[in-house]
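Next comes my_file.cif, a file with mmCIF, N, CA and C atoms.
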data_model
loop_
_atom_site.group_PDB
_atom_site.id
_atom_site.type_symbol
_atom_site.label_atom_id
_atom_site.label_comp_id
_atom_site.auth_asym_id
_atom_site.auth_seq_id
_atom_site.Cartn_x
_atom_site.Cartn_y
_atom_site.Cartn_z
ATOM 1 N N ILE A 1 -22.424 0.587 -22.629
ATOM 2 C CA ILE A 1 -21.938 1.942 -22.391
ATOM 3 C C ILE A 1 -22.500 2.844 -23.494
ATOM 4 N N PRO A 2 -23.108 3.962 -23.120
ATOM 5 C CA PRO A 2 -23.640 4.863 -24.137
ATOM 6 C C PRO A 2 -22.521 5.577 -24.885
ATOM 7 N N PRO A 3 -22.794 6.064 -26.096
ATOM 8 C CA PRO A 3 -21.765 6.797 -26.829
ATOM 9 C C PRO A 3 -21.348 8.047 -26.048
ATOM 10 N N PRO A 4 -20.077 8.457 -26.156
ATOM 11 C CA PRO A 4 -19.586 9.606 -25.386
ATOM 12 C C PRO A 4 -20.434 10.863 -25.550
ATOM 13 N N SER A 5 -21.058 11.056 -26.710
ATOM 14 C CA SER A 5 -21.868 12.262 -26.927
ATOM 15 C C SER A 5 -23.108 12.287 -26.036
ATOM 16 N N GLN A 6 -23.525 11.129 -25.517
ATOM 17 C CA GLN A 6 -24.720 11.061 -24.672
ATOM 18 C C GLN A 6 -24.382 11.007 -23.182
ATOM 19 N N VAL A 7 -23.100 11.015 -22.866
ATOM 20 C CA VAL A 7 -22.674 10.918 -21.474
ATOM 21 C C VAL A 7 -22.501 12.325 -20.911
ATOM 22 N N GLN A 8 -23.018 12.534 -19.700
ATOM 23 C CA GLN A 8 -22.912 13.849 -19.089
ATOM 24 C C GLN A 8 -22.403 13.725 -17.664
ATOM 25 N N GLY A 9 -22.067 14.863 -17.093
ATOM 26 C CA GLY A 9 -21.688 14.912 -15.690
ATOM 27 C C GLY A 9 -20.401 14.167 -15.387
ATOM 28 N N GLY A 10 -20.395 13.564 -14.215
ATOM 29 C CA GLY A 10 -19.203 12.859 -13.762
ATOM 30 C C GLY A 10 -18.799 11.713 -14.659
ATOM 31 N N GLU A 11 -19.786 11.093 -15.316
ATOM 32 C CA GLU A 11 -19.477 9.969 -16.206
ATOM 33 C C GLU A 11 -18.607 10.402 -17.384
ATOM 34 N N ALA A 12 -18.797 11.636 -17.859
ATOM 35 C CA ALA A 12 -17.982 12.131 -18.972
ATOM 36 C C ALA A 12 -16.515 12.229 -18.546
ATOM 37 N N PHE A 13 -16.288 12.732 -17.334
ATOM 38 C CA PHE A 13 -14.925 12.800 -16.807
ATOM 39 C C PHE A 13 -14.342 11.400 -16.655
ATOM 40 N N GLU A 14 -15.167 10.486 -16.152
ATOM 41 C CA GLU A 14 -14.707 9.116 -15.932
ATOM 42 C C GLU A 14 -14.301 8.453 -17.248
ATOM 43 N N LEU A 15 -15.132 8.612 -18.285
ATOM 44 C CA LEU A 15 -14.802 8.018 -19.590
ATOM 45 C C LEU A 15 -13.507 8.598 -20.153
ATOM 46 N N ARG A 16 -13.360 9.909 -20.019
ATOM 47 C CA ARG A 16 -12.144 10.569 -20.520
ATOM 48 C C ARG A 16 -10.903 10.058 -19.774
ATOM 49 N N ALA A 17 -11.003 9.968 -18.459
ATOM 50 C CA ALA A 17 -9.876 9.490 -17.654
ATOM 51 C C ALA A 17 -9.563 8.027 -17.962
ATOM 52 N N ARG A 18 -10.582 7.210 -18.137
ATOM 53 C CA ARG A 18 -10.359 5.797 -18.474
ATOM 54 C C ARG A 18 -9.644 5.655 -19.818
ATOM 55 N N ALA A 19 -10.032 6.489 -20.779
ATOM 56 C CA ALA A 19 -9.363 6.444 -22.086
ATOM 57 C C ALA A 19 -7.883 6.797 -21.923
ATOM 58 N N MET A 20 -7.602 7.802 -21.113
ATOM 59 C CA MET A 20 -6.204 8.193 -20.866
ATOM 60 C C MET A 20 -5.437 7.074 -20.175
ATOM 61 N N LEU A 21 -6.057 6.444 -19.187
ATOM 62 C CA LEU A 21 -5.399 5.334 -18.488
ATOM 63 C C LEU A 21 -5.159 4.168 -19.439
ATOM 64 N N GLY A 22 -6.102 3.922 -20.336
ATOM 65 C CA GLY A 22 -5.933 2.862 -21.328
ATOM 66 C C GLY A 22 -4.780 3.140 -22.273
ATOM 67 N N ASP A 23 -4.493 4.437 -22.490
ATOM 68 C CA ASP A 23 -3.367 4.834 -23.339
ATOM 69 C C ASP A 23 -2.072 4.958 -22.552
ATOM 70 N N GLY A 24 -2.131 4.689 -21.248
ATOM 71 C CA GLY A 24 -0.930 4.779 -20.420
ATOM 72 C C GLY A 24 -0.607 6.186 -19.955
ATOM 73 N N ASP A 25 -1.562 7.105 -20.044
ATOM 74 C CA ASP A 25 -1.337 8.500 -19.669
ATOM 75 C C ASP A 25 -1.939 8.776 -18.296
ATOM 76 N N SER A 26 -1.317 8.222 -17.267
ATOM 77 C CA SER A 26 -1.875 8.340 -15.915
ATOM 78 C C SER A 26 -1.779 9.755 -15.360
ATOM 79 N N ALA A 27 -0.746 10.517 -15.739
ATOM 80 C CA ALA A 27 -0.591 11.873 -15.208
ATOM 81 C C ALA A 27 -1.753 12.768 -15.644
ATOM 82 N N ASN A 28 -2.095 12.737 -16.925
ATOM 83 C CA ASN A 28 -3.217 13.555 -17.396
ATOM 84 C C ASN A 28 -4.546 13.029 -16.876
ATOM 85 N N ALA A 29 -4.673 11.724 -16.743
ATOM 86 C CA ALA A 29 -5.901 11.154 -16.177
ATOM 87 C C ALA A 29 -6.095 11.651 -14.744
ATOM 88 N N GLN A 30 -5.010 11.719 -14.017
ATOM 89 C CA GLN A 30 -5.067 12.195 -12.633
ATOM 90 C C GLN A 30 -5.528 13.652 -12.591
ATOM 91 N N GLU A 31 -5.048 14.481 -13.517
ATOM 92 C CA GLU A 31 -5.468 15.885 -13.573
ATOM 93 C C GLU A 31 -6.954 16.006 -13.911
ATOM 94 N N VAL A 32 -7.420 15.228 -14.871
ATOM 95 C CA VAL A 32 -8.840 15.242 -15.249
ATOM 96 C C VAL A 32 -9.695 14.835 -14.051
ATOM 97 N N LEU A 33 -9.271 13.812 -13.347
ATOM 98 C CA LEU A 33 -10.035 13.332 -12.201
ATOM 99 C C LEU A 33 -10.006 14.326 -11.041
ATOM 100 N N ALA A 34 -8.886 15.009 -10.850
ATOM 101 C CA ALA A 34 -8.813 16.037 -9.796
ATOM 102 C C ALA A 34 -9.803 17.159 -10.107
ATOM 103 N N ALA A 35 -9.870 17.569 -11.369
ATOM 104 C CA ALA A 35 -10.825 18.606 -11.773
ATOM 105 C C ALA A 35 -12.260 18.110 -11.580
ATOM 106 N N ALA A 36 -12.502 16.862 -11.934
ATOM 107 C CA ALA A 36 -13.841 16.292 -11.795
ATOM 108 C C ALA A 36 -14.271 16.255 -10.334
ATOM 109 N N LEU A 37 -13.328 15.971 -9.450
ATOM 110 C CA LEU A 37 -13.659 15.895 -8.028
ATOM 111 C C LEU A 37 -13.972 17.262 -7.435
ATOM 112 N N CYS A 38 -13.480 18.330 -8.055
ATOM 113 C CA CYS A 38 -13.863 19.679 -7.613
ATOM 114 C C CYS A 38 -15.345 19.924 -7.885
ATOM 115 N N VAL A 39 -15.834 19.363 -8.982
ATOM 116 C CA VAL A 39 -17.231 19.533 -9.383
ATOM 117 C C VAL A 39 -18.135 18.488 -8.711
ATOM 118 N N TYR A 40 -17.621 17.264 -8.610
ATOM 119 C CA TYR A 40 -18.392 16.142 -8.047
ATOM 120 C C TYR A 40 -17.631 15.537 -6.859
ATOM 121 N N PRO A 41 -17.505 16.283 -5.752
ATOM 122 C CA PRO A 41 -16.658 15.820 -4.638
ATOM 123 C C PRO A 41 -17.143 14.546 -3.953
ATOM 124 N N ARG A 42 -18.403 14.195 -4.113
ATOM 125 C CA ARG A 42 -18.929 13.000 -3.438
ATOM 126 C C ARG A 42 -18.936 11.751 -4.321
ATOM 127 N N SER A 43 -18.412 11.870 -5.531
ATOM 128 C CA SER A 43 -18.432 10.734 -6.455
ATOM 129 C C SER A 43 -17.390 9.696 -6.053
ATOM 130 N N ARG A 44 -17.860 8.587 -5.550
ATOM 131 C CA ARG A 44 -16.938 7.524 -5.140
ATOM 132 C C ARG A 44 -16.221 6.891 -6.337
ATOM 133 N N PRO A 45 -16.899 6.660 -7.473
ATOM 134 C CA PRO A 45 -16.167 6.114 -8.625
ATOM 135 C C PRO A 45 -15.049 7.042 -9.107
ATOM 136 N N LEU A 46 -15.315 8.349 -9.154
ATOM 137 C CA LEU A 46 -14.269 9.285 -9.588
ATOM 138 C C LEU A 46 -13.111 9.310 -8.595
ATOM 139 N N ARG A 47 -13.437 9.328 -7.307
ATOM 140 C CA ARG A 47 -12.393 9.375 -6.282
ATOM 141 C C ARG A 47 -11.534 8.112 -6.336
ATOM 142 N N SER A 48 -12.167 6.968 -6.467
ATOM 143 C CA SER A 48 -11.382 5.723 -6.505
ATOM 144 C C SER A 48 -10.527 5.667 -7.765
ATOM 145 N N LEU A 49 -11.067 6.142 -8.885
ATOM 146 C CA LEU A 49 -10.286 6.148 -10.119
ATOM 147 C C LEU A 49 -9.103 7.112 -10.017
ATOM 148 N N TYR A 50 -9.276 8.209 -9.291
ATOM 149 C CA TYR A 50 -8.170 9.143 -9.040
ATOM 150 C C TYR A 50 -7.032 8.409 -8.327
ATOM 151 N N TYR A 51 -7.375 7.630 -7.317
ATOM 152 C CA TYR A 51 -6.344 6.886 -6.585
ATOM 153 C C TYR A 51 -5.699 5.808 -7.461
ATOM 154 N N VAL A 52 -6.463 5.218 -8.355
ATOM 155 C CA VAL A 52 -5.897 4.244 -9.294
ATOM 156 C C VAL A 52 -4.890 4.946 -10.209
ATOM 157 N N ALA A 53 -5.265 6.109 -10.737
ATOM 158 C CA ALA A 53 -4.347 6.861 -11.604
ATOM 159 C C ALA A 53 -3.080 7.244 -10.840
ATOM 160 N N SER A 54 -3.246 7.644 -9.595
ATOM 161 C CA SER A 54 -2.103 7.984 -8.750
ATOM 162 C C SER A 54 -1.205 6.763 -8.540
ATOM 163 N N ALA A 55 -1.824 5.609 -8.342
ATOM 164 C CA ALA A 55 -1.059 4.372 -8.147
ATOM 165 C C ALA A 55 -0.265 4.020 -9.405
ATOM 166 N N ILE A 56 -0.888 4.192 -10.562
ATOM 167 C CA ILE A 56 -0.197 3.869 -11.812
ATOM 168 C C ILE A 56 0.990 4.816 -12.015
ATOM 169 N N SER A 57 0.814 6.077 -11.673
ATOM 170 C CA SER A 57 1.925 7.033 -11.756
ATOM 171 C C SER A 57 3.053 6.621 -10.806
ATOM 172 N N ALA A 58 2.681 6.185 -9.606
ATOM 173 C CA ALA A 58 3.687 5.741 -8.631
ATOM 174 C C ALA A 58 4.418 4.499 -9.148
ATOM 175 N N LEU A 59 3.695 3.577 -9.758
ATOM 176 C CA LEU A 59 4.332 2.376 -10.312
ATOM 177 C C LEU A 59 5.341 2.738 -11.389
ATOM 178 N N ALA A 60 5.006 3.729 -12.207
ATOM 179 C CA ALA A 60 5.918 4.151 -13.275
ATOM 180 C C ALA A 60 7.226 4.681 -12.707
ATOM 181 N N LYS A 61 7.167 5.184 -11.473
ATOM 182 C CA LYS A 61 8.371 5.708 -10.801
ATOM 183 C C LYS A 61 9.028 4.654 -9.918
ATOM 184 N N GLY A 62 8.459 3.446 -9.910
ATOM 185 C CA GLY A 62 9.027 2.376 -9.091
ATOM 186 C C GLY A 62 8.646 2.463 -7.624
ATOM 187 N N GLU A 63 7.646 3.248 -7.293
ATOM 188 C CA GLU A 63 7.220 3.428 -5.906
ATOM 189 C C GLU A 63 6.112 2.423 -5.566
ATOM 190 N N ILE A 64 6.532 1.199 -5.323
ATOM 191 C CA ILE A 64 5.602 0.085 -5.132
ATOM 192 C C ILE A 64 4.743 0.262 -3.881
ATOM 193 N N MET A 65 5.348 0.684 -2.782
ATOM 194 C CA MET A 65 4.590 0.840 -1.536
ATOM 195 C C MET A 65 3.531 1.936 -1.674
ATOM 196 N N LEU A 66 3.894 3.056 -2.288
ATOM 197 C CA LEU A 66 2.927 4.131 -2.501
ATOM 198 C C LEU A 66 1.796 3.648 -3.401
ATOM 199 N N ALA A 67 2.150 2.942 -4.468
ATOM 200 C CA ALA A 67 1.129 2.428 -5.381
ATOM 201 C C ALA A 67 0.174 1.500 -4.646
ATOM 202 N N THR A 68 0.712 0.628 -3.827
ATOM 203 C CA THR A 68 -0.119 -0.308 -3.065
ATOM 204 C C THR A 68 -1.080 0.436 -2.155
ATOM 205 N N SER A 69 -0.580 1.448 -1.449
ATOM 206 C CA SER A 69 -1.458 2.188 -0.536
ATOM 207 C C SER A 69 -2.521 2.972 -1.303
ATOM 208 N N GLN A 70 -2.177 3.491 -2.481
ATOM 209 C CA GLN A 70 -3.160 4.218 -3.290
ATOM 210 C C GLN A 70 -4.266 3.277 -3.780
ATOM 211 N N LEU A 71 -3.892 2.072 -4.170
ATOM 212 C CA LEU A 71 -4.892 1.097 -4.628
ATOM 213 C C LEU A 71 -5.793 0.654 -3.483
ATOM 214 N N GLU A 72 -5.207 0.475 -2.311
ATOM 215 C CA GLU A 72 -6.003 0.101 -1.142
ATOM 216 C C GLU A 72 -6.961 1.233 -0.765
ATOM 217 N N THR A 73 -6.494 2.478 -0.920
ATOM 218 C CA THR A 73 -7.356 3.637 -0.652
ATOM 219 C C THR A 73 -8.491 3.698 -1.672
ATOM 220 N N ALA A 74 -8.183 3.396 -2.937
ATOM 221 C CA ALA A 74 -9.230 3.374 -3.974
ATOM 222 C C ALA A 74 -10.329 2.393 -3.591
ATOM 223 N N LEU A 75 -9.934 1.228 -3.114
ATOM 224 C CA LEU A 75 -10.917 0.214 -2.713
ATOM 225 C C LEU A 75 -11.675 0.630 -1.447
ATOM 226 N N ALA A 76 -11.016 1.364 -0.567
ATOM 227 C CA ALA A 76 -11.687 1.835 0.642
ATOM 228 C C ALA A 76 -12.777 2.853 0.292
ATOM 229 N N HIS A 77 -12.534 3.660 -0.734
ATOM 230 C CA HIS A 77 -13.518 4.659 -1.154
ATOM 231 C C HIS A 77 -14.658 4.053 -1.961
ATOM 232 N N HIS A 78 -14.337 3.001 -2.730
ATOM 233 C CA HIS A 78 -15.347 2.411 -3.621
ATOM 234 C C HIS A 78 -15.003 0.936 -3.809
ATOM 235 N N GLU A 79 -15.670 0.093 -3.049
ATOM 236 C CA GLU A 79 -15.341 -1.339 -3.048
ATOM 237 C C GLU A 79 -15.498 -1.987 -4.416
ATOM 238 N N GLN A 80 -16.330 -1.403 -5.280
ATOM 239 C CA GLN A 80 -16.547 -1.973 -6.610
ATOM 240 C C GLN A 80 -15.508 -1.511 -7.634
ATOM 241 N N CYS A 81 -14.438 -0.894 -7.196
ATOM 242 C CA CYS A 81 -13.399 -0.450 -8.123
ATOM 243 C C CYS A 81 -12.596 -1.675 -8.578
ATOM 244 N N THR A 82 -13.097 -2.296 -9.631
ATOM 245 C CA THR A 82 -12.493 -3.551 -10.103
ATOM 246 C C THR A 82 -11.063 -3.349 -10.587
ATOM 247 N N GLU A 83 -10.765 -2.168 -11.127
ATOM 248 C CA GLU A 83 -9.407 -1.913 -11.623
ATOM 249 C C GLU A 83 -8.393 -1.937 -10.485
ATOM 250 N N ALA A 84 -8.743 -1.325 -9.361
ATOM 251 C CA ALA A 84 -7.825 -1.317 -8.221
ATOM 252 C C ALA A 84 -7.566 -2.743 -7.738
ATOM 253 N N ALA A 85 -8.614 -3.525 -7.625
ATOM 254 C CA ALA A 85 -8.460 -4.916 -7.181
ATOM 255 C C ALA A 85 -7.626 -5.719 -8.174
ATOM 256 N N ALA A 86 -7.874 -5.508 -9.466
ATOM 257 C CA ALA A 86 -7.146 -6.263 -10.492
ATOM 258 C C ALA A 86 -5.665 -5.883 -10.519
ATOM 259 N N ILE A 87 -5.366 -4.595 -10.366
ATOM 260 C CA ILE A 87 -3.959 -4.166 -10.388
ATOM 261 C C ILE A 87 -3.232 -4.687 -9.153
ATOM 262 N N LEU A 88 -3.895 -4.648 -7.999
ATOM 263 C CA LEU A 88 -3.284 -5.224 -6.798
ATOM 264 C C LEU A 88 -2.971 -6.696 -7.018
ATOM 265 N N GLU A 89 -3.898 -7.407 -7.638
ATOM 266 C CA GLU A 89 -3.666 -8.832 -7.913
ATOM 267 C C GLU A 89 -2.472 -9.011 -8.854
ATOM 268 N N LEU A 90 -2.402 -8.181 -9.897
ATOM 269 C CA LEU A 90 -1.259 -8.258 -10.829
ATOM 270 C C LEU A 90 0.057 -7.994 -10.114
ATOM 271 N N MET A 91 0.055 -7.027 -9.208
ATOM 272 C CA MET A 91 1.280 -6.682 -8.483
ATOM 273 C C MET A 91 1.756 -7.829 -7.598
ATOM 274 N N ARG A 92 0.830 -8.627 -7.135
ATOM 275 C CA ARG A 92 1.172 -9.701 -6.201
ATOM 276 C C ARG A 92 1.579 -10.991 -6.904
ATOM 277 N N ARG A 93 1.374 -11.063 -8.214
ATOM 278 C CA ARG A 93 1.757 -12.271 -8.955
ATOM 279 C C ARG A 93 3.270 -12.315 -9.143
ATOM 280 N N PRO A 94 3.845 -13.505 -9.009
ATOM 281 C CA PRO A 94 5.282 -13.618 -9.284
ATOM 282 C C PRO A 94 5.540 -13.584 -10.795
ATOM 283 N N ASN A 95 6.688 -13.100 -11.165
ATOM 284 C CA ASN A 95 7.144 -13.098 -12.565
ATOM 285 C C ASN A 95 6.220 -12.351 -13.522
ATOM 286 N N VAL A 96 5.633 -11.250 -13.065
ATOM 287 C CA VAL A 96 4.801 -10.422 -13.931
ATOM 288 C C VAL A 96 5.680 -9.313 -14.494
ATOM 289 N N PRO A 97 5.525 -8.985 -15.784
ATOM 290 C CA PRO A 97 6.314 -7.883 -16.340
ATOM 291 C C PRO A 97 6.104 -6.606 -15.538
ATOM 292 N N PRO A 98 7.075 -5.717 -15.564
ATOM 293 C CA PRO A 98 6.944 -4.485 -14.772
ATOM 294 C C PRO A 98 5.665 -3.723 -15.126
ATOM 295 N N LEU A 99 5.015 -3.233 -14.100
ATOM 296 C CA LEU A 99 3.828 -2.408 -14.280
ATOM 297 C C LEU A 99 4.295 -0.958 -14.379
ATOM 298 N N PRO A 100 3.625 -0.058 -15.057
ATOM 299 C CA PRO A 100 2.382 -0.180 -15.771
ATOM 300 C C PRO A 100 2.531 -0.567 -17.234
ATOM 301 N N ALA A 101 3.705 -0.988 -17.661
ATOM 302 C CA ALA A 101 3.883 -1.391 -19.057
ATOM 303 C C ALA A 101 3.108 -2.663 -19.388
ATOM 304 N N ASN A 102 2.652 -3.327 -18.368
ATOM 305 C CA ASN A 102 1.923 -4.583 -18.521
ATOM 306 C C ASN A 102 0.667 -4.375 -19.370
ATOM 307 N N ASP A 103 0.574 -5.089 -20.486
ATOM 308 C CA ASP A 103 -0.572 -4.954 -21.394
ATOM 309 C C ASP A 103 -1.877 -5.356 -20.724
ATOM 310 N N GLU A 104 -1.807 -6.331 -19.831
ATOM 311 C CA GLU A 104 -3.005 -6.795 -19.136
ATOM 312 C C GLU A 104 -3.626 -5.654 -18.324
ATOM 313 N N MET A 105 -2.767 -4.830 -17.714
ATOM 314 C CA MET A 105 -3.267 -3.716 -16.935
ATOM 315 C C MET A 105 -3.914 -2.666 -17.828
ATOM 316 N N LYS A 106 -3.309 -2.367 -18.961
ATOM 317 C CA LYS A 106 -3.877 -1.368 -19.872
ATOM 318 C C LYS A 106 -5.240 -1.806 -20.405
ATOM 319 N N ARG A 107 -5.422 -3.110 -20.574
ATOM 320 C CA ARG A 107 -6.713 -3.628 -21.053
ATOM 321 C C ARG A 107 -7.845 -3.387 -20.057
ATOM 322 N N LEU A 108 -7.520 -3.192 -18.802
ATOM 323 C CA LEU A 108 -8.540 -2.943 -17.784
ATOM 324 C C LEU A 108 -9.369 -1.696 -18.104
ATOM 325 N N PHE A 109 -8.769 -0.753 -18.826
ATOM 326 C CA PHE A 109 -9.419 0.524 -19.059
ATOM 327 C C PHE A 109 -10.002 0.653 -20.457
ATOM 328 N N ARG A 110 -9.978 -0.406 -21.229
ATOM 329 C CA ARG A 110 -10.500 -0.352 -22.601
ATOM 330 C C ARG A 110 -11.901 -0.927 -22.664
#

As structure tokens, how would this structure be written, given the file I've shared?
Amino acid sequence: IPPPSQVQGGEAFELRARAMLGDGDSANAQEVLAAALCVYPRSRPLRSLYYVASAISALAKGEIMLATSQLETALAHHEQCTEAAAILELMRRPNVPPLPANDEMKRLFR
């Protein structure tokens, strides 16, 4: 990954949003990604990451079904969205600590 000073365009938004998600700040990450999608509406990585951020926000509110549908939508937009696939897998495991407090999930964005 290049240093942030050398990243431009949609990738800069993506790096910023990933840092926020890694810090557990899904609401602000969602806002950054919404703004990025206004500029780069065809970016599948940005769109899928937006749905991941939305899912994490839903999980924080205990809205498991909404979170699941948001993650599935993220994968529908961008099949290579490894974070969406990994979070879905975490959600399906028995005896996993409540998400998004799960440290394993936060590591996905670091």

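When the PyMOL selection byres (((chain A and resi 72 and name CA) around 12) and name CA) is evaluated on the file shown here, the picked residues come out as Ser48, Leu49, Tyr51, Val52, Ser54, Ala55, Met65, Leu66, Ala67, Thr68, Ser69, Gln70, Leu71, Thr73, Ala74, Leu75, Ala76, His77, His78, Glu79, Cys81, Thr82, Glu83, Ala84, Ala85, Ala86, Ile87, Leu88 and Glu89 of chain A.
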
* To do: as JSON, numbers by chain, please: all residues of chain A that backbone DSSP puts in alpha helix (DSSP H).
  => {"A": [10, 11, 12, 13, 14, 15, 16, 17, 18, 19, 20, 21, 22, 26, 27, 28, 29, 30, 31, 32, 33, 34, 35, 36, 37, 38, 39, 44, 45, 46, 47, 48, 49, 50, 51, 52, 53, 54, 55, 56, 57, 58, 59, 60, 64, 65, 66, 67, 68, 69, 70, 71, 72, 73, 74, 75, 76, 77, 82, 83, 84, 85, 86, 87, 88, 89, 90, 91, 92, 103, 104, 105, 106, 107]}

* To do: For CA of Asp103 (chain A) and atom C of Phe13 (chain A), quote the distance in Å rounded to one decimal.
  => 21.9 Å

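Taking atom C of Ala27 (chain A) and atom C of Pro45 (chain A) as endpoints, the distance between them is 15.9 Å.
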
Could you tell me which residues the PyMOL selection byres (((chain A and resi 26 and name CA) around 12) and name CA) grabs in this file, written as a CSV table (one decimal) with N, CA and C atoms, in the coordinates of the input?
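Okay, this is what ended up in result_28.csv:
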chain,number,residue,atom,x,y,z
A,16,ARG,N,-13.4,9.9,-20.0
A,16,ARG,CA,-12.1,10.6,-20.5
A,16,ARG,C,-10.9,10.1,-19.8
A,17,ALA,N,-11.0,10.0,-18.5
A,17,ALA,CA,-9.9,9.5,-17.7
A,17,ALA,C,-9.6,8.0,-18.0
A,18,ARG,N,-10.6,7.2,-18.1
A,18,ARG,CA,-10.4,5.8,-18.5
A,18,ARG,C,-9.6,5.7,-19.8
A,19,ALA,N,-10.0,6.5,-20.8
A,19,ALA,CA,-9.4,6.4,-22.1
A,19,ALA,C,-7.9,6.8,-21.9
A,20,MET,N,-7.6,7.8,-21.1
A,20,MET,CA,-6.2,8.2,-20.9
A,20,MET,C,-5.4,7.1,-20.2
A,21,LEU,N,-6.1,6.4,-19.2
A,21,LEU,CA,-5.4,5.3,-18.5
A,21,LEU,C,-5.2,4.2,-19.4
A,22,GLY,N,-6.1,3.9,-20.3
A,22,GLY,CA,-5.9,2.9,-21.3
A,22,GLY,C,-4.8,3.1,-22.3
A,23,ASP,N,-4.5,4.4,-22.5
A,23,ASP,CA,-3.4,4.8,-23.3
A,23,ASP,C,-2.1,5.0,-22.6
A,24,GLY,N,-2.1,4.7,-21.2
A,24,GLY,CA,-0.9,4.8,-20.4
A,24,GLY,C,-0.6,6.2,-20.0
A,25,ASP,N,-1.6,7.1,-20.0
A,25,ASP,CA,-1.3,8.5,-19.7
A,25,ASP,C,-1.9,8.8,-18.3
A,27,ALA,N,-0.7,10.5,-15.7
A,27,ALA,CA,-0.6,11.9,-15.2
A,27,ALA,C,-1.8,12.8,-15.6
A,28,ASN,N,-2.1,12.7,-16.9
A,28,ASN,CA,-3.2,13.6,-17.4
A,28,ASN,C,-4.5,13.0,-16.9
A,29,ALA,N,-4.7,11.7,-16.7
A,29,ALA,CA,-5.9,11.2,-16.2
A,29,ALA,C,-6.1,11.7,-14.7
A,30,GLN,N,-5.0,11.7,-14.0
A,30,GLN,CA,-5.1,12.2,-12.6
A,30,GLN,C,-5.5,13.7,-12.6
A,31,GLU,N,-5.0,14.5,-13.5
A,31,GLU,CA,-5.5,15.9,-13.6
A,31,GLU,C,-7.0,16.0,-13.9
A,32,VAL,N,-7.4,15.2,-14.9
A,32,VAL,CA,-8.8,15.2,-15.2
A,32,VAL,C,-9.7,14.8,-14.1
A,33,LEU,N,-9.3,13.8,-13.3
A,33,LEU,CA,-10.0,13.3,-12.2
A,33,LEU,C,-10.0,14.3,-11.0
A,49,LEU,N,-11.1,6.1,-8.9
A,49,LEU,CA,-10.3,6.1,-10.1
A,49,LEU,C,-9.1,7.1,-10.0
A,50,TYR,N,-9.3,8.2,-9.3
A,50,TYR,CA,-8.2,9.1,-9.0
A,50,TYR,C,-7.0,8.4,-8.3
A,51,TYR,N,-7.4,7.6,-7.3
A,51,TYR,CA,-6.3,6.9,-6.6
A,51,TYR,C,-5.7,5.8,-7.5
A,52,VAL,N,-6.5,5.2,-8.4
A,52,VAL,CA,-5.9,4.2,-9.3
A,52,VAL,C,-4.9,4.9,-10.2
A,53,ALA,N,-5.3,6.1,-10.7
A,53,ALA,CA,-4.3,6.9,-11.6
A,53,ALA,C,-3.1,7.2,-10.8
A,54,SER,N,-3.2,7.6,-9.6
A,54,SER,CA,-2.1,8.0,-8.8
A,54,SER,C,-1.2,6.8,-8.5
A,55,ALA,N,-1.8,5.6,-8.3
A,55,ALA,CA,-1.1,4.4,-8.1
A,55,ALA,C,-0.3,4.0,-9.4
A,56,ILE,N,-0.9,4.2,-10.6
A,56,ILE,CA,-0.2,3.9,-11.8
A,56,ILE,C,1.0,4.8,-12.0
A,57,SER,N,0.8,6.1,-11.7
A,57,SER,CA,1.9,7.0,-11.8
A,57,SER,C,3.1,6.6,-10.8
A,58,ALA,N,2.7,6.2,-9.6
A,58,ALA,CA,3.7,5.7,-8.6
A,58,ALA,C,4.4,4.5,-9.1
A,59,LEU,N,3.7,3.6,-9.8
A,59,LEU,CA,4.3,2.4,-10.3
A,59,LEU,C,5.3,2.7,-11.4
A,60,ALA,N,5.0,3.7,-12.2
A,60,ALA,CA,5.9,4.2,-13.3
A,60,ALA,C,7.2,4.7,-12.7
A,61,LYS,N,7.2,5.2,-11.5
A,61,LYS,CA,8.4,5.7,-10.8
A,61,LYS,C,9.0,4.7,-9.9
A,100,PRO,N,3.6,-0.1,-15.1
A,100,PRO,CA,2.4,-0.2,-15.8
A,100,PRO,C,2.5,-0.6,-17.2
A,101,ALA,N,3.7,-1.0,-17.7
A,101,ALA,CA,3.9,-1.4,-19.1
A,101,ALA,C,3.1,-2.7,-19.4
A,106,LYS,N,-3.3,-2.4,-19.0
A,106,LYS,CA,-3.9,-1.4,-19.9
A,106,LYS,C,-5.2,-1.8,-20.4
A,109,PHE,N,-8.8,-0.8,-18.8
A,109,PHE,CA,-9.4,0.5,-19.1
A,109,PHE,C,-10.0,0.7,-20.5

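Between Ile64 (chain A) and the residues A:Leu46, A:Ala34, A:Met91, A:Pro41, the shortest atom-to-atom distance, using only C-alpha atoms, involves A:Met91.
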
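Between CA of Gln80 (chain A) and atom C of Tyr40 (chain A) the interatomic distance comes to 17.5 Å.
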
* Pick from A:Glu63, A:Arg110, A:Arg92, A:Ala36 nearest to Gly9 (chain A), counting all atoms listed in the file -> A:Ala36
